[in-house]
Every structure is written in C-alpha cells, then in structure tokens.
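For reference, the structure discussed in these notes is given below.
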Amino acid sequence: MDYKKLIQTFLEKNHLPNINEDKQALKAIGELFSLFNNEKVNISLPKELARGMQFEAEEVVFFAGTFDPFHQGHQECLDKCPVKNIIVMPDLNPWKENRERQNSELDSYLTLLKTIKYCVYPGFLALDHSNPTSDWIKNVDVKRKFLLMGADTFMAIPRWKNPDILLSNLTGLYILSRKIGHKLIREQADSFQANYQNLSIVFIEDNPYEDLSSCKLREK
C-alpha cells in the first residue's frame, strides 16, 4: 500500500473517491500507530494526526467508545483525566454491531479530529466488526496501560469478553461519575482490586453531564 500517497490525499481532501478507499485510508493511518502495529512502516504518523501524542511514553490512557455522537460527557472525561497522554479509539458497540452509525466511518473520524485536541486512532473504524478490549490491550506495547471511561461502562466490565485478561493487562482505570448507585460502583471497585492487587482505580467526581448519553441524543 502506498501510505504516503493515500494519507496525503486524505489530508488534502478530507475524503477519498469512494467508501472502500475511505476505509483503506483509515486502515493505513491506523497502521502508523506503532503501539498497535508490530510491522515497521517507513513513515511516521503526520503531526496533524498525532496531536502531540507521546507514543514512546511509559504511560498511555486509552479512551474507547462509539462516540456516536461525541458529546459533552465524553469531553468531560478527557478534560478531567489527570493523565493527558490519551488515545481516543472510536469503535463499534459489541452489543449493537448491526446498528448503523449516524455518520460514515470517515465522517466519524473527521468529526472527532475537528472536535477534540487529542490523538484519534481510526484503525477499528476500518473494520466491519467490534474489537473487544481484551483482544487488543494485551498486545499494546506500553508499560503502563490505563482505560478512561464513565461509571456506566465500568459497571458493564464483568459482561465484557474475557474481563480477567482485560484487568490483568491494565495498570489502572479512570472512572468518571455517572448517575449510578455509588455504593454499587465502590463494591465493584473493591472486588476488582481484591482480585487484581496491582490495579489502580481513580474516580473522577463532579461530572455536570452525568445524565447525558449518546443513546439519548440519537433518540432526539
């Protein structure tokens, strides 16, 4: 694949002639993320897309979700996360793979680039299936791996694919408060830390958008 030509066209035009080439561009950009790709590529991720991301840092925070649409609650997660070396990772919802996105995969990527200042990994958008975190987190070449999420997502972790593999490969979780019983959240956090003694769990309180969700916004 001619990465240089494909990505240069993408950066100049913000789109390519057809959806197959759009997905090729997203795949090509994804392959430039050294954290996720063991094969050597001869060019680096353009600075317009890297957004200052420190790929060689020992600590990286991954913020995954459908972001369909991205909203103020998501922004609050980014703003209040104490570590700013963050990769935003749009993906399909594994429980709703057949639901069409409001926008195309490419539009979703471009919208995120225009909306936030952080690095966005587009590789999953180029695929036609969801990518459970436990499948990729163990292969990421980072010493200290963190996930950033809302409390509702945190409470769903026991239902995720291979939660044991997921939690065993994490250094910690940053959890933004949502309108869920705090007692239940604390109980689950205590249970996780009892079973994964090296797992750090940091709660981020005072979220003014606790009620906001992508699902509610889509219904309007």
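Residue numbering restarts at 1 in every chain; chains get A, B, ... in the order shown in the structure tokens, and ligands count up from 1 in that same order.
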
Hey, which bits of segment 40-129 of chain A sit within 8 Å of segment 202-207 of chain A, and for each residue what's the closest pair of atoms and how far apart in Å (one decimal), counting only C-alpha atoms, rows by chain and increasing number, as CSV?
```
residue,atom,partner,partner_atom,distance
A:Gly73,CA,A:Asn207,CA,7.8
A:Glu76,CA,A:Asn207,CA,7.1
A:Lys80,CA,A:Ile204,CA,7.0
A:Cys81,CA,A:Ile204,CA,7.5
```

Export C-alpha atoms of the chosen residues as a compact mmCIF listing (two decimals), in the first residue's frame?
```
# COMPACT_ATOMS: atom_id res chain seq x y z
CA GLY A 73 -19.82 13.92 28.79
CA GLU A 76 -15.60 15.93 30.44
CA LYS A 80 -10.72 15.76 33.91
CA CYS A 81 -8.44 12.80 33.27
```

Practice item. Can you check which residues of segment 28-100 of chain A DSSP gives as strand (DSSP E) on the backbone and send them as a ChimeraX atom specification? Key: /A:59-65,86-90

**Study point:** All residues 10 Å or closer to Lys27 of chain A, only C-alpha atoms, same chain fewer than 2 positions away omitted, as a VMD selection string
**Key:** chain A and resid 3 21 to 25 29 to 32 121 to 127

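Shortest atom-to-atom contact with Tyr118 of chain A among A:Cys77, A:Ala28, A:Ala50, A:Ile157: A:Ala50, counting only C-alpha atoms.
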
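Look at segment 85-88 of chain A: the protein and nucleic acid residues within 7 Å of it, using only C-alpha atoms and passing over chain neighbours fewer than 5 places away, are Met53, Gln54, Val60, Val61, Phe62, Phe63, Ala64, Tyr118, Cys119, Val120 and Tyr121 of chain A.
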
Dump N, CA and C atoms for the selected residues as a CSV table (one decimal), in the first residue's frame?
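This is the output file selection-v3.csv:
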```
chain,number,residue,atom,x,y,z
A,53,MET,N,0.8,13.3,20.7
A,53,MET,CA,0.8,12.1,21.5
A,53,MET,C,2.2,11.6,21.6
A,54,GLN,N,2.6,11.2,22.8
A,54,GLN,CA,3.9,10.6,23.1
A,54,GLN,C,3.8,9.1,23.1
A,60,VAL,N,0.1,5.3,29.0
A,60,VAL,CA,-0.9,5.8,27.9
A,60,VAL,C,-2.3,5.5,28.4
A,61,VAL,N,-3.2,6.4,28.2
A,61,VAL,CA,-4.6,6.2,28.6
A,61,VAL,C,-5.4,6.0,27.3
A,62,PHE,N,-6.2,4.9,27.3
A,62,PHE,CA,-7.0,4.6,26.1
A,62,PHE,C,-8.4,4.9,26.4
A,63,PHE,N,-9.1,5.7,25.5
A,63,PHE,CA,-10.5,6.1,25.7
A,63,PHE,C,-11.3,5.6,24.6
A,64,ALA,N,-11.9,4.5,24.8
A,64,ALA,CA,-12.6,3.8,23.7
A,64,ALA,C,-14.2,4.0,23.8
A,118,TYR,N,-7.1,15.7,21.0
A,118,TYR,CA,-6.3,14.5,21.3
A,118,TYR,C,-6.2,13.7,20.0
A,119,CYS,N,-5.2,12.8,20.1
A,119,CYS,CA,-4.9,11.8,19.0
A,119,CYS,C,-6.1,10.8,18.9
A,120,VAL,N,-6.5,10.5,17.7
A,120,VAL,CA,-7.6,9.6,17.5
A,120,VAL,C,-7.1,8.4,16.6
A,121,TYR,N,-7.3,7.2,17.2
A,121,TYR,CA,-6.9,6.0,16.4
A,121,TYR,C,-8.1,5.5,15.6
```

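Nearest to Lys138 of chain A of all the residues A:Ile165, A:Arg159, A:Ile201, A:Ile116 is A:Ile165, based on only C-alpha atoms.
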
Point to revise | 7 Å contact set for segment 146-156 of chain A, only C-alpha atoms, chain neighbours under 4 positions out, as a PyMOL selection string | key: chain A and resi 60-63+160+170-178+185

Preceding selection exported with C-alpha atoms as an mmCIF file, in the first residue's frame:
```cif
data_model
loop_
_atom_site.group_PDB
_atom_site.id
_atom_site.type_symbol
_atom_site.label_atom_id
_atom_site.label_comp_id
_atom_site.auth_asym_id
_atom_site.auth_seq_id
_atom_site.Cartn_x
_atom_site.Cartn_y
_atom_site.Cartn_z
ATOM 1 C CA VAL A 60 -0.862 5.783 27.947
ATOM 2 C CA VAL A 61 -4.574 6.237 28.571
ATOM 3 C CA PHE A 62 -6.994 4.620 26.098
ATOM 4 C CA PHE A 63 -10.478 6.134 25.744
ATOM 5 C CA TRP A 160 -17.238 -7.870 28.576
ATOM 6 C CA LEU A 170 -4.169 -2.962 32.903
ATOM 7 C CA THR A 171 -2.321 -0.695 35.283
ATOM 8 C CA GLY A 172 -5.445 1.219 36.121
ATOM 9 C CA LEU A 173 -8.846 2.735 35.373
ATOM 10 C CA TYR A 174 -10.009 6.345 35.410
ATOM 11 C CA ILE A 175 -13.756 6.420 36.080
ATOM 12 C CA LEU A 176 -15.959 9.490 35.523
ATOM 13 C CA SER A 177 -19.048 9.627 37.741
ATOM 14 C CA ARG A 178 -22.490 8.910 36.249
ATOM 15 C CA ILE A 185 -19.658 1.190 41.982
#
```

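Across the model, the gap from atom CA of Asp135 of chain A to atom CA of Gln197 of chain A is 21.7 Å.
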
Nearby residues (only C-alpha atoms) at most 12 Å from Asn195 of chain A, same-chain spacing under 4 positions excluded, as a PDB file with N, CA and C atoms, in the first residue's frame:
```
ATOM      1  N   PRO A 163     -13.030 -10.525  30.792  1.00  0.00           N
ATOM      2  CA  PRO A 163     -12.654  -9.439  31.704  1.00  0.00           C
ATOM      3  C   PRO A 163     -11.395  -9.729  32.510  1.00  0.00           C
ATOM      4  N   ASP A 164     -11.123 -11.008  32.760  1.00  0.00           N
ATOM      5  CA  ASP A 164      -9.908 -11.350  33.513  1.00  0.00           C
ATOM      6  C   ASP A 164      -8.648 -10.972  32.737  1.00  0.00           C
ATOM      7  N   LEU A 167      -8.413  -6.998  32.787  1.00  0.00           N
ATOM      8  CA  LEU A 167      -7.968  -6.397  34.039  1.00  0.00           C
ATOM      9  C   LEU A 167      -6.545  -6.806  34.396  1.00  0.00           C
ATOM     10  N   SER A 168      -6.139  -7.988  33.984  1.00  0.00           N
ATOM     11  CA  SER A 168      -4.771  -8.449  34.252  1.00  0.00           C
ATOM     12  C   SER A 168      -3.736  -7.671  33.457  1.00  0.00           C
ATOM     13  N   GLN A 188     -17.930  -2.837  43.364  1.00  0.00           N
ATOM     14  CA  GLN A 188     -17.259  -3.475  42.228  1.00  0.00           C
ATOM     15  C   GLN A 188     -15.776  -3.097  42.200  1.00  0.00           C
ATOM     16  N   ALA A 189     -15.473  -1.839  42.501  1.00  0.00           N
ATOM     17  CA  ALA A 189     -14.074  -1.413  42.538  1.00  0.00           C
ATOM     18  C   ALA A 189     -13.299  -2.197  43.594  1.00  0.00           C
ATOM     19  N   ASP A 190     -13.890  -2.377  44.759  1.00  0.00           N
ATOM     20  CA  ASP A 190     -13.232  -3.136  45.827  1.00  0.00           C
ATOM     21  C   ASP A 190     -12.993  -4.586  45.395  1.00  0.00           C
ATOM     22  N   SER A 191     -13.984  -5.165  44.717  1.00  0.00           N
ATOM     23  CA  SER A 191     -13.861  -6.538  44.246  1.00  0.00           C
ATOM     24  C   SER A 191     -12.732  -6.667  43.222  1.00  0.00           C
ATOM     25  N   LEU A 199      -3.970  -3.263  40.357  1.00  0.00           N
ATOM     26  CA  LEU A 199      -4.869  -2.413  39.577  1.00  0.00           C
ATOM     27  C   LEU A 199      -5.227  -1.148  40.351  1.00  0.00           C
ATOM     28  N   SER A 200      -4.942  -0.011  39.754  1.00  0.00           N
ATOM     29  CA  SER A 200      -5.315   1.279  40.340  1.00  0.00           C
ATOM     30  C   SER A 200      -6.671   1.713  39.784  1.00  0.00           C
TER      31      SER A 200
END
```

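Here the DSSP assignment of alpha helix (DSSP H), based on backbone atoms, applies within segment 43-147 of chain A to Lys47, Glu48, Leu49, Ala50, Gln72, Gly73, His74, Gln75, Glu76, Cys77, Leu78, Asp79, Lys80, Glu105, Leu106, Asp107, Ser108, Tyr109, Leu110, Thr111, Leu112, Leu113, Lys114, Thr115, Thr133, Ser134, Asp135 and Trp136 of chain A.
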